[in-house]
file input-v1.cif (mmCIF, C-alpha atoms (C1' of nucleotides))
data_run
#
loop_
_atom_site.label_atom_id
_atom_site.label_comp_id
_atom_site.auth_asym_id
_atom_site.auth_seq_id
_atom_site.Cartn_x
_atom_site.Cartn_y
_atom_site.Cartn_z
CA MET A 1 -2.18 -8.24 2.73
CA GLY A 2 0.18 -6.09 0.67
CA ILE A 3 0.55 -3.59 3.46
CA THR A 4 3.99 -3.01 4.94
CA LYS A 5 4.21 -3.31 8.72
CA SER A 6 6.06 -0.02 9.20
CA ASP A 7 5.38 0.06 12.93
CA ILE A 8 7.78 -2.78 13.66
CA PHE A 9 10.73 -1.01 12.05
CA ASN A 10 12.57 2.06 13.23
CA ALA A 11 12.21 5.52 11.73
CA LYS A 12 15.48 5.39 9.87
CA GLN A 13 14.67 2.05 8.26
CA ASN A 14 11.28 3.31 7.13
CA ARG A 15 12.67 6.59 5.87
CA LEU A 16 15.46 4.94 3.91
CA ALA A 17 13.12 2.30 2.52
CA ASN A 18 10.83 5.04 1.25
CA TYR A 19 13.68 6.81 -0.51
CA PHE A 20 14.79 3.57 -2.11
CA LYS A 21 11.23 2.83 -3.12
CA VAL A 22 10.85 6.17 -4.91
CA LEU A 23 14.09 5.51 -6.76
CA GLY A 24 12.99 1.95 -7.50
CA HIS A 25 11.39 2.60 -10.86
CA PRO A 26 13.29 3.19 -14.11
CA ALA A 27 10.88 5.92 -15.23
CA ARG A 28 11.59 7.94 -12.12
CA LEU A 29 15.33 7.47 -12.56
CA ALA A 30 14.97 8.58 -16.17
CA ILE A 31 13.00 11.64 -15.08
CA LEU A 32 15.64 12.55 -12.50
CA GLU A 33 18.36 12.11 -15.08
CA TYR A 34 16.56 14.28 -17.59
CA VAL A 35 15.70 17.02 -15.13
CA ALA A 36 19.31 17.07 -13.98
CA LYS A 37 20.68 17.18 -17.51
CA GLN A 38 18.46 20.14 -18.36
CA GLU A 39 19.99 22.04 -15.44
CA GLY A 40 16.53 21.94 -13.97
CA CYS A 41 13.24 22.99 -15.45
CA ILE A 42 11.57 22.29 -18.76
CA CYS A 43 8.49 20.28 -18.01
CA ASN A 44 6.72 17.77 -20.10
CA ASP A 45 9.14 17.21 -22.86
CA LEU A 46 9.33 14.17 -20.63
CA VAL A 47 6.23 12.82 -22.32
CA ASP A 48 8.07 12.98 -25.65
CA GLU A 49 11.40 11.96 -24.18
CA LEU A 50 10.21 8.85 -22.33
CA GLY A 51 7.61 6.69 -24.03
CA LEU A 52 4.93 7.04 -21.39
CA ALA A 53 1.53 8.71 -21.38
CA GLN A 54 1.17 12.16 -19.90
CA ALA A 55 -0.92 10.84 -17.02
CA THR A 56 1.74 8.31 -16.18
CA ILE A 57 4.56 10.85 -16.22
CA SER A 58 2.51 13.16 -14.05
CA GLN A 59 2.03 10.34 -11.56
CA HIS A 60 5.76 9.61 -11.38
CA LEU A 61 6.48 13.32 -11.01
CA LYS A 62 4.07 13.38 -8.09
CA ALA A 63 5.91 10.54 -6.36
CA LEU A 64 9.24 12.33 -6.81
CA LYS A 65 7.69 15.59 -5.60
CA GLU A 66 6.24 13.93 -2.51
CA SER A 67 9.65 12.55 -1.60
CA GLY A 68 11.00 16.10 -1.84
CA ILE A 69 13.66 15.18 -4.39
CA ILE A 70 12.18 17.45 -7.03
CA GLN A 71 10.02 20.51 -6.81
CA GLY A 72 7.79 22.23 -9.32
CA THR A 73 7.08 25.88 -9.84
CA ILE A 74 4.26 27.06 -12.04
CA GLU A 75 5.62 29.11 -14.87
CA GLY A 76 2.85 30.40 -17.05
CA LYS A 77 0.95 27.48 -18.41
CA SER A 78 3.71 25.00 -17.83
CA VAL A 79 5.51 23.80 -14.71
CA CYS A 80 9.22 24.06 -14.05
CA TYR A 81 10.54 20.95 -12.35
CA CYS A 82 13.94 20.75 -10.82
CA ILE A 83 15.92 18.87 -8.25
CA ASN A 84 15.85 20.14 -4.70
CA GLN A 85 19.56 19.93 -4.02
CA GLU A 86 19.17 20.21 -0.29
CA VAL A 87 16.79 17.26 -0.02
CA TRP A 88 18.52 15.22 -2.69
CA GLY A 89 21.86 15.88 -1.03
CA SER A 90 20.67 14.78 2.38
CA ILE A 91 19.13 11.62 0.95
CA GLN A 92 22.42 10.81 -0.71
CA ALA A 93 24.22 11.43 2.56
CA GLU A 94 21.90 9.12 4.45
CA ILE A 95 22.26 6.37 1.87
CA LYS A 96 26.06 6.72 1.83
CA ASP A 97 25.98 6.53 5.58
CA LEU A 98 24.11 3.24 5.36
CA PHE A 99 26.72 1.98 2.93
CA LYS A 100 29.53 2.97 5.25
CA GLN A 101 27.97 1.08 8.14
CA GLU A 102 27.84 -2.18 6.29
CA LEU A 103 31.03 -2.02 4.29
CA SER A 104 33.31 -3.09 7.12
CA VAL A 105 31.70 -6.49 7.37
CA LYS A 106 33.54 -9.62 6.29
CA SER A 107 31.87 -12.34 4.31
CA CYS A 108 31.69 -15.58 6.20
CA CYS A 109 30.26 -18.14 3.81
CA MET B 110 -1.67 -2.43 -15.75
CA GLY B 111 0.93 -2.74 -12.95
CA ILE B 112 3.63 -3.95 -15.26
CA THR B 113 6.72 -1.80 -15.68
CA LYS B 114 7.67 -1.00 -19.28
CA SER B 115 11.34 -1.95 -18.87
CA ASP B 116 11.92 -2.05 -22.61
CA ILE B 117 11.71 1.72 -22.98
CA PHE B 118 14.49 2.35 -20.46
CA ASN B 119 18.16 1.61 -20.76
CA ALA B 120 19.93 -1.26 -19.04
CA LYS B 121 21.52 0.92 -16.39
CA GLN B 122 18.23 2.51 -15.44
CA ASN B 123 16.56 -0.88 -15.12
CA ARG B 124 19.45 -2.35 -13.18
CA LEU B 125 19.63 0.55 -10.75
CA ALA B 126 15.86 0.61 -10.33
CA ASN B 127 15.94 -3.07 -9.42
CA TYR B 128 18.60 -2.52 -6.77
CA PHE B 129 16.65 0.35 -5.30
CA LYS B 130 13.50 -1.73 -5.35
CA VAL B 131 15.12 -4.53 -3.37
CA LEU B 132 16.32 -1.99 -0.81
CA GLY B 133 12.90 -0.35 -0.80
CA HIS B 134 11.43 -2.29 2.09
CA PRO B 135 12.23 -1.73 5.76
CA ALA B 136 12.24 -5.47 6.51
CA ARG B 137 14.95 -6.05 3.93
CA LEU B 138 16.99 -3.15 5.28
CA ALA B 139 16.57 -4.58 8.77
CA ILE B 140 17.68 -7.99 7.56
CA LEU B 141 20.76 -6.50 5.90
CA GLU B 142 21.58 -4.56 9.03
CA TYR B 143 21.22 -7.62 11.20
CA VAL B 144 23.22 -9.88 8.93
CA ALA B 145 25.97 -7.26 8.79
CA LYS B 146 26.00 -6.76 12.55
CA GLN B 147 26.40 -10.49 13.12
CA GLU B 148 29.53 -10.45 10.98
CA GLY B 149 27.57 -12.64 8.62
CA CYS B 150 25.73 -15.84 9.30
CA ILE B 151 23.25 -16.88 11.93
CA CYS B 152 20.01 -17.53 10.17
CA ASN B 153 16.50 -17.25 11.44
CA ASP B 154 16.96 -15.45 14.65
CA LEU B 155 15.56 -12.95 12.20
CA VAL B 156 12.11 -14.35 12.82
CA ASP B 157 12.54 -13.53 16.51
CA GLU B 158 14.43 -10.32 15.89
CA LEU B 159 11.96 -8.75 13.45
CA GLY B 160 8.28 -9.25 14.15
CA LEU B 161 7.43 -11.09 10.96
CA ALA B 162 6.35 -14.62 10.22
CA GLN B 163 8.91 -17.17 9.12
CA ALA B 164 7.39 -17.40 5.64
CA THR B 165 7.62 -13.64 5.25
CA ILE B 166 11.25 -13.47 6.33
CA SER B 167 12.07 -16.31 3.99
CA GLN B 168 10.44 -14.40 1.14
CA HIS B 169 12.45 -11.25 1.86
CA LEU B 170 15.62 -13.31 2.13
CA LYS B 171 14.84 -14.73 -1.29
CA ALA B 172 14.54 -11.25 -2.79
CA LEU B 173 17.87 -10.23 -1.28
CA LYS B 174 19.45 -13.47 -2.48
CA GLU B 175 18.15 -12.98 -6.01
CA SER B 176 19.69 -9.52 -6.14
CA GLY B 177 22.99 -11.09 -5.15
CA ILE B 178 23.44 -8.85 -2.12
CA ILE B 179 23.35 -11.78 0.27
CA GLN B 180 24.15 -15.42 -0.15
CA GLY B 181 23.21 -18.46 1.86
CA THR B 182 25.16 -21.58 2.60
CA ILE B 183 23.53 -24.62 4.10
CA GLU B 184 25.10 -25.40 7.44
CA GLY B 185 23.59 -28.45 8.99
CA LYS B 186 19.91 -27.92 9.41
CA SER B 187 20.14 -24.16 9.26
CA VAL B 188 21.36 -21.74 6.61
CA CYS B 189 24.17 -19.27 7.00
CA TYR B 190 23.31 -15.98 5.35
CA CYS B 191 25.83 -13.28 4.77
CA ILE B 192 26.50 -10.28 2.61
CA ASN B 193 28.28 -10.84 -0.68
CA GLN B 194 30.77 -8.02 -0.39
CA GLU B 195 31.67 -8.07 -4.05
CA VAL B 196 28.11 -7.63 -5.25
CA TRP B 197 27.12 -5.28 -2.47
CA GLY B 198 30.23 -3.21 -3.11
CA SER B 199 29.58 -2.90 -6.81
CA ILE B 200 25.96 -1.92 -6.19
CA GLN B 201 27.15 0.77 -3.82
CA ALA B 202 29.62 1.95 -6.42
CA GLU B 203 26.97 2.17 -9.09
CA ILE B 204 24.61 4.08 -6.82
CA LYS B 205 27.35 6.47 -5.75
CA ASP B 206 28.14 6.98 -9.40
CA LEU B 207 24.54 7.98 -10.05
CA PHE B 208 24.75 10.43 -7.16
CA LYS B 209 27.93 11.95 -8.53
CA GLN B 210 26.32 12.51 -11.91
CA GLU B 211 23.46 14.53 -10.56
CA LEU B 212 25.15 16.41 -7.78
CA SER B 213 26.64 19.10 -9.98
CA VAL B 214 23.26 20.40 -11.04
CA LYS B 215 21.99 23.77 -9.88
CA SER B 216 18.44 24.28 -8.70
CA CYS B 217 16.54 26.66 -10.92
CA CYS B 218 13.17 27.16 -9.27
"C1'" DT C 219 13.72 -44.98 12.85
"C1'" DT C 220 10.83 -41.43 14.74
"C1'" DT C 221 10.94 -36.87 16.13
"C1'" DT C 222 12.34 -32.18 16.15
"C1'" DA C 223 14.28 -27.98 14.23
"C1'" DA C 224 15.24 -24.90 10.47
"C1'" DT C 225 14.12 -23.53 6.58
"C1'" DA C 226 11.60 -23.18 1.67
"C1'" DT C 227 7.60 -23.15 -1.01
"C1'" DC C 228 2.57 -22.94 -2.05
"C1'" DG C 229 -1.72 -20.84 -1.97
"C1'" DT C 230 -4.37 -17.12 -0.90
"C1'" DA C 231 -6.10 -12.58 0.82
"C1'" DA C 232 -5.29 -7.73 1.16
"C1'" DT C 233 -3.29 -3.93 -0.62
"C1'" DA C 234 -0.06 -1.26 -3.71
"C1'" DT C 235 1.81 -0.02 -8.08
"C1'" DT C 236 1.82 0.86 -12.94
"C1'" DG C 237 -0.26 2.62 -16.91
"C1'" DC C 238 -3.64 5.00 -19.49
"C1'" DG C 239 -7.92 7.22 -21.30
"C1'" DA C 240 -10.99 10.65 -20.01
"C1'" DT C 241 -11.81 14.68 -17.84
"C1'" DG C 242 -10.89 18.84 -15.03
"C1'" DT C 243 -8.32 23.26 -14.40
"C1'" DA C 244 -5.65 27.19 -15.18
"C1'" DT C 245 -3.16 30.18 -18.14
"C1'" DA C 246 -1.74 31.97 -22.66
"C1'" DA C 247 -2.95 32.91 -27.26
"C1'" DT C 248 -6.26 34.29 -30.73
"C1'" DA D 249 -14.99 35.22 -25.28
"C1'" DT D 250 -13.13 31.23 -27.36
"C1'" DT D 251 -9.66 28.14 -28.12
"C1'" DA D 252 -5.41 25.82 -27.38
"C1'" DT D 253 -1.72 24.24 -24.35
"C1'" DA D 254 0.18 22.21 -20.24
"C1'" DC D 255 -0.54 20.02 -16.78
"C1'" DA D 256 -3.21 17.36 -12.59
"C1'" DT D 257 -6.55 14.21 -11.14
"C1'" DC D 258 -10.02 10.41 -11.49
"C1'" DG D 259 -11.33 5.91 -12.41
"C1'" DC D 260 -10.27 1.65 -13.90
"C1'" DA D 261 -7.79 -2.67 -15.40
"C1'" DA D 262 -3.73 -5.48 -15.03
"C1'" DT D 263 -0.18 -6.90 -12.38
"C1'" DA D 264 3.01 -6.86 -8.29
"C1'" DT D 265 3.99 -6.88 -3.45
"C1'" DT D 266 3.36 -8.00 1.31
"C1'" DA D 267 2.05 -11.12 4.80
"C1'" DC D 268 0.89 -15.46 6.61
"C1'" DG D 269 -0.96 -20.21 7.50
"C1'" DA D 270 -0.27 -24.65 5.88
"C1'" DT D 271 2.56 -27.83 4.02
"C1'" DA D 272 6.90 -29.66 1.99
"C1'" DT D 273 11.87 -30.73 2.66
"C1'" DT D 274 16.08 -31.78 4.76
"C1'" DA D 275 19.18 -32.81 8.31
"C1'" DA D 276 20.40 -33.24 13.21
"C1'" DA D 277 18.83 -35.52 17.61
"C1'" DA D 278 16.77 -38.83 20.35
#

call {"tool": "encode", "arguments": {"input": "input-v1.cif", "output": "structure tokens"}}
result
Amino acid sequence: MGITKSDIFNAKQNRLANYFKVLGHPARLAILEYVAKQEGCICNDLVDELGLAQATISQHLKALKESGIIQGTIEGKSVCYCINQEVWGSIQAEIKDLFKQELSVKSCC
Amino acid sequence: MGITKSDIFNAKQNRLANYFKVLGHPARLAILEYVAKQEGCICNDLVDELGLAQATISQHLKALKESGIIQGTIEGKSVCYCINQEVWGSIQAEIKDLFKQELSVKSCC
DNA sequence: TTTTAATATCGTAATATTGCGATGTATAAT
DNA sequence: ATTATACATCGCAATATTACGATATTAAAA
């Protein structure tokens, strides 16, 4: 198969899993880190910065864009990418919330 | 390809990406939630609880075990699974740390 | 001891992801 | 107008993931 049975899980579980999945690749973490460090913007220095082909970077950027974590604005012939603080903040909040839920538990074995 | 070029990223990026990847499936989040709710233990009620085959659950449990988040102790003919608070706590800490790093950034576009 | 219950592992099919070259598209520069 | 630059998208190959039936394995129960 290879297809996830999303229908048997609740909305929150699917939503969270999708966030985690987007963050589950070092290239995308590196992109986030870089975009954040640059106080936003500046586009495909990423191709020079990370050691990946332009097509590959573009693909990872797309995944991050689709999650809402970053957004891109066309700026002349290049694109300005930056973090969408509202979305990124709410994702962080939801993840922290998950952490809080399961932190109270005692180990038993 | 399909193979991640881990060698071009730093250790922290790879480590974090792996944690996120493990959490990036609703079944594994559901398992974590269930194990936590049960104050640890109680094994494959999971097969009844979630709507997945025993082999599939076992596979997801293996992934969680390999990450260190949960641990299993043999208890008669069943296995007691529970969260390893130390590991799970340090993963949470590292993720929160990542969040802290990138929260100060201003949007620019 | 044979059976049953609770897992783990194997093998396999379906699908997803990663990565990249090639190519398309839009804008700026010449 | 032509060319160059900065992407996005397509198509493909390699590999990974998800899911499950079938088959171990191991220990309690009968």

call {"tool": "closest_atom_pairs", "arguments": {"input": "input-v1.cif", "of": "chain D", "to": "chain B", "cutoff": "8 Å", "atoms": "only C-alpha atoms (C1' of nucleotides)", "output": "JSON lines"}}
result
{"residue": "D:DA261", "atom": "C1'", "partner": "B:Met110", "partner_atom": "CA", "distance": 6.1}
{"residue": "D:DA262", "atom": "C1'", "partner": "B:Met110", "partner_atom": "CA", "distance": 3.8}
{"residue": "D:DT263", "atom": "C1'", "partner": "B:Gly111", "partner_atom": "CA", "distance": 4.3}
{"residue": "D:DA264", "atom": "C1'", "partner": "B:Gly111", "partner_atom": "CA", "distance": 6.6}
{"residue": "D:DA267", "atom": "C1'", "partner": "B:Thr165", "partner_atom": "CA", "distance": 6.1}
{"residue": "D:DC268", "atom": "C1'", "partner": "B:Ala162", "partner_atom": "CA", "distance": 6.6}
{"residue": "D:DT274", "atom": "C1'", "partner": "B:Lys186", "partner_atom": "CA", "distance": 7.2}
{"residue": "D:DA275", "atom": "C1'", "partner": "B:Lys186", "partner_atom": "CA", "distance": 5.1}
{"residue": "D:DA276", "atom": "C1'", "partner": "B:Lys186", "partner_atom": "CA", "distance": 6.6}

call {"tool": "resolve_selection", "arguments": {"input": "input-v1.cif", "expression": "the PyMOL selection byres ((chain C and resi 240) around 9)", "output": "list in words"}}
result
DG239 and DT241 of chain C; DC258 and DG259 of chain D

call {"tool": "atom_distance", "arguments": {"input": "input-v1.cif", "atom1": "atom C1' of C:DT222", "atom2": "atom C1' of D:DT273"}}
result
13.6 Å

call {"tool": "closest_atom_pairs", "arguments": {"input": "input-v1.cif", "of": "chain B", "to": "chain A", "cutoff": "9 Å", "atoms": "all atoms listed in the file", "output": "tab-separated table"}}
result
residue	atom	partner	partner_atom	distance
B:Thr113	CA	A:His25	CA	8.0
B:Lys114	CA	A:Ala27	CA	8.6
B:Ser115	CA	A:Pro26	CA	7.3
B:Ile117	CA	A:Gly51	CA	6.5
B:Phe118	CA	A:Pro26	CA	6.5
B:Asn119	CA	A:Pro26	CA	8.4
B:Lys121	CA	A:Pro26	CA	8.8
B:Gln122	CA	A:Pro26	CA	5.2
B:Asn123	CA	A:Pro26	CA	5.3
B:Arg124	CA	A:Pro26	CA	8.3
B:Leu125	CA	A:Gly24	CA	7.5
B:Ala126	CA	A:Gly24	CA	4.2
B:Asn127	CA	A:Gly24	CA	6.1
B:Tyr128	CA	A:Gly24	CA	7.2
B:Phe129	CA	A:Gly24	CA	4.6
B:Lys130	CA	A:Gly24	CA	4.3
B:Val131	CA	A:Gly24	CA	8.0
B:Leu132	CA	A:Phe20	CA	5.9
B:Gly133	CA	A:Ala17	CA	4.3
B:His134	CA	A:Ala17	CA	4.9
B:Pro135	CA	A:Gln13	CA	5.1
B:Ala136	CA	A:Phe9	CA	7.3
B:Arg137	CA	A:Ala17	CA	8.7
B:Leu138	CA	A:Gln13	CA	6.4
B:Ala139	CA	A:Gln13	CA	6.9
B:Leu141	CA	A:Glu102	CA	8.3
B:Glu142	CA	A:Glu102	CA	7.2
B:Ala145	CA	A:Val105	CA	6.0
B:Lys146	CA	A:Val105	CA	7.7
B:Gln147	CA	A:Val105	CA	8.8
B:Glu148	CA	A:Val105	CA	5.8
B:Gly149	CA	A:Cys108	CA	5.6
B:Cys150	CA	A:Cys108	CA	6.7
B:Leu159	CA	A:Ile8	CA	7.3
B:Gly160	CA	A:Ile8	CA	6.5
B:Leu161	CA	A:Lys5	CA	8.7
B:Gln180	CA	A:Cys109	CA	7.8
B:Gly181	CA	A:Cys109	CA	7.3
B:Thr182	CA	A:Cys109	CA	6.3
B:Cys189	CA	A:Cys109	CA	7.0
B:Tyr190	CA	A:Cys109	CA	7.4
B:Cys191	CA	A:Ser107	CA	6.1
B:Ile192	CA	A:Ser107	CA	6.0
B:Asn193	CA	A:Ser107	CA	6.3
B:Gln194	CA	A:Ser107	CA	6.5
B:Trp197	CA	A:Leu103	CA	8.5
B:Gly198	CA	A:Leu103	CA	7.5
B:Gln201	CA	A:Phe99	CA	6.9
B:Lys205	CA	A:Lys96	CA	7.7
B:Leu207	CA	A:Glu33	CA	9.0
B:Phe208	CA	A:Gln92	CA	6.9
B:Gln210	CA	A:Glu33	CA	8.6
B:Glu211	CA	A:Ala36	CA	5.9
B:Leu212	CA	A:Gly89	CA	7.5
B:Ser213	CA	A:Ala36	CA	8.6
B:Val214	CA	A:Glu39	CA	5.7
B:Lys215	CA	A:Glu39	CA	6.2
B:Ser216	CA	A:Ile83	CA	6.0
B:Cys217	CA	A:Gly40	CA	5.6
B:Cys218	CA	A:Thr73	CA	6.2

call {"tool": "write_last_selection", "arguments": {"input": "input-v1.cif", "atoms": "C-alpha atoms", "output": "tab-separated table (two decimals), in the coordinates of the input"}}
result
chain	number	residue	atom	x	y	z
B	113	THR	CA	6.72	-1.80	-15.68
B	114	LYS	CA	7.67	-1.00	-19.28
B	115	SER	CA	11.34	-1.95	-18.87
B	117	ILE	CA	11.71	1.72	-22.98
B	118	PHE	CA	14.49	2.35	-20.46
B	119	ASN	CA	18.16	1.61	-20.76
B	121	LYS	CA	21.52	0.92	-16.39
B	122	GLN	CA	18.23	2.51	-15.44
B	123	ASN	CA	16.56	-0.88	-15.12
B	124	ARG	CA	19.45	-2.35	-13.18
B	125	LEU	CA	19.63	0.55	-10.75
B	126	ALA	CA	15.86	0.61	-10.33
B	127	ASN	CA	15.94	-3.07	-9.42
B	128	TYR	CA	18.60	-2.52	-6.77
B	129	PHE	CA	16.65	0.35	-5.30
B	130	LYS	CA	13.50	-1.73	-5.35
B	131	VAL	CA	15.12	-4.53	-3.37
B	132	LEU	CA	16.32	-1.99	-0.81
B	133	GLY	CA	12.90	-0.35	-0.80
B	134	HIS	CA	11.43	-2.29	2.09
B	135	PRO	CA	12.23	-1.73	5.76
B	136	ALA	CA	12.24	-5.47	6.51
B	137	ARG	CA	14.95	-6.05	3.93
B	138	LEU	CA	16.99	-3.15	5.28
B	139	ALA	CA	16.57	-4.58	8.77
B	141	LEU	CA	20.76	-6.50	5.90
B	142	GLU	CA	21.58	-4.56	9.03
B	145	ALA	CA	25.97	-7.26	8.79
B	146	LYS	CA	26.00	-6.76	12.55
B	147	GLN	CA	26.40	-10.49	13.12
B	148	GLU	CA	29.53	-10.45	10.98
B	149	GLY	CA	27.57	-12.64	8.62
B	150	CYS	CA	25.73	-15.84	9.30
B	159	LEU	CA	11.96	-8.75	13.45
B	160	GLY	CA	8.28	-9.25	14.15
B	161	LEU	CA	7.43	-11.09	10.96
B	180	GLN	CA	24.15	-15.42	-0.15
B	181	GLY	CA	23.21	-18.46	1.86
B	182	THR	CA	25.16	-21.58	2.60
B	189	CYS	CA	24.17	-19.27	7.00
B	190	TYR	CA	23.31	-15.98	5.35
B	191	CYS	CA	25.83	-13.28	4.77
B	192	ILE	CA	26.50	-10.28	2.61
B	193	ASN	CA	28.28	-10.84	-0.68
B	194	GLN	CA	30.77	-8.02	-0.39
B	197	TRP	CA	27.12	-5.28	-2.47
B	198	GLY	CA	30.23	-3.21	-3.11
B	201	GLN	CA	27.15	0.77	-3.82
B	205	LYS	CA	27.35	6.47	-5.75
B	207	LEU	CA	24.54	7.98	-10.05
B	208	PHE	CA	24.75	10.43	-7.16
B	210	GLN	CA	26.32	12.51	-11.91
B	211	GLU	CA	23.46	14.53	-10.56
B	212	LEU	CA	25.15	16.41	-7.78
B	213	SER	CA	26.64	19.10	-9.98
B	214	VAL	CA	23.26	20.40	-11.04
B	215	LYS	CA	21.99	23.77	-9.88
B	216	SER	CA	18.44	24.28	-8.70
B	217	CYS	CA	16.54	26.66	-10.92
B	218	CYS	CA	13.17	27.16	-9.27

call {"tool": "atom_distance", "arguments": {"input": "input-v1.cif", "atom1": "atom C1' of C:DT236", "atom2": "atom CA of A:Leu64"}}
result
15.0 Å

call {"tool": "resolve_selection", "arguments": {"input": "input-v1.cif", "expression": "the PyMOL selection byres ((chain C and resi 227) around 9)", "output": "compact mmCIF listing (two decimals) with C-alpha atoms (C1' of nucleotides), keeping the file's coordinate frame"}}
result
# COMPACT_ATOMS: atom_id res chain seq x y z
CA ALA B 164 7.39 -17.40 5.64
C1' DA C 226 11.60 -23.18 1.67
C1' DC C 228 2.57 -22.94 -2.05
C1' DT D 271 2.56 -27.83 4.02
C1' DA D 272 6.90 -29.66 1.99

call {"tool": "interface_residues", "arguments": {"input": "input-v1.cif", "of": "chain C", "to": "chain B", "cutoff": "7 Å", "atoms": "all atoms listed in the file", "output": "JSON, numbers by chain"}}
result
{"C": [224, 225, 235, 236, 237]}

call {"tool": "atom_distance", "arguments": {"input": "input-v1.cif", "atom1": "atom C1' of D:DT253", "atom2": "atom C1' of C:DG242"}}
result
14.1 Å

call {"tool": "build_atoms", "arguments": {"input": "input-v1.cif", "residues": "stretch 115-126 of chain B", "atoms": "N, CA and C atoms", "output": "short mmCIF file (atom, residue, chain, number, x, y, z; two decimals), keeping the file's coordinate frame"}}
result
data_model
loop_
_atom_site.label_atom_id
_atom_site.label_comp_id
_atom_site.auth_asym_id
_atom_site.auth_seq_id
_atom_site.Cartn_x
_atom_site.Cartn_y
_atom_site.Cartn_z
N SER B 115 9.88 -1.96 -18.95
CA SER B 115 11.34 -1.95 -18.87
C SER B 115 12.00 -1.72 -20.22
N ASP B 116 11.32 -2.13 -21.28
CA ASP B 116 11.92 -2.05 -22.61
C ASP B 116 12.17 -0.63 -23.09
N ILE B 117 11.49 0.35 -22.51
CA ILE B 117 11.71 1.72 -22.98
C ILE B 117 12.79 2.43 -22.18
N PHE B 118 13.40 1.75 -21.23
CA PHE B 118 14.49 2.35 -20.46
C PHE B 118 15.78 1.62 -20.75
N ASN B 119 16.90 2.28 -20.45
CA ASN B 119 18.16 1.61 -20.76
C ASN B 119 18.55 0.63 -19.64
N ALA B 120 19.55 -0.18 -19.94
CA ALA B 120 19.93 -1.26 -19.04
C ALA B 120 20.32 -0.73 -17.66
N LYS B 121 21.05 0.37 -17.66
CA LYS B 121 21.52 0.92 -16.39
C LYS B 121 20.35 1.38 -15.54
N GLN B 122 19.40 2.04 -16.17
CA GLN B 122 18.23 2.51 -15.44
C GLN B 122 17.45 1.34 -14.84
N ASN B 123 17.28 0.30 -15.62
CA ASN B 123 16.56 -0.88 -15.12
C ASN B 123 17.32 -1.57 -14.00
N ARG B 124 18.62 -1.69 -14.18
CA ARG B 124 19.45 -2.35 -13.18
C ARG B 124 19.40 -1.59 -11.86
N LEU B 125 19.66 -0.27 -11.95
CA LEU B 125 19.63 0.55 -10.75
C LEU B 125 18.27 0.52 -10.07
N ALA B 126 17.22 0.62 -10.88
CA ALA B 126 15.86 0.61 -10.33
C ALA B 126 15.61 -0.68 -9.56
#
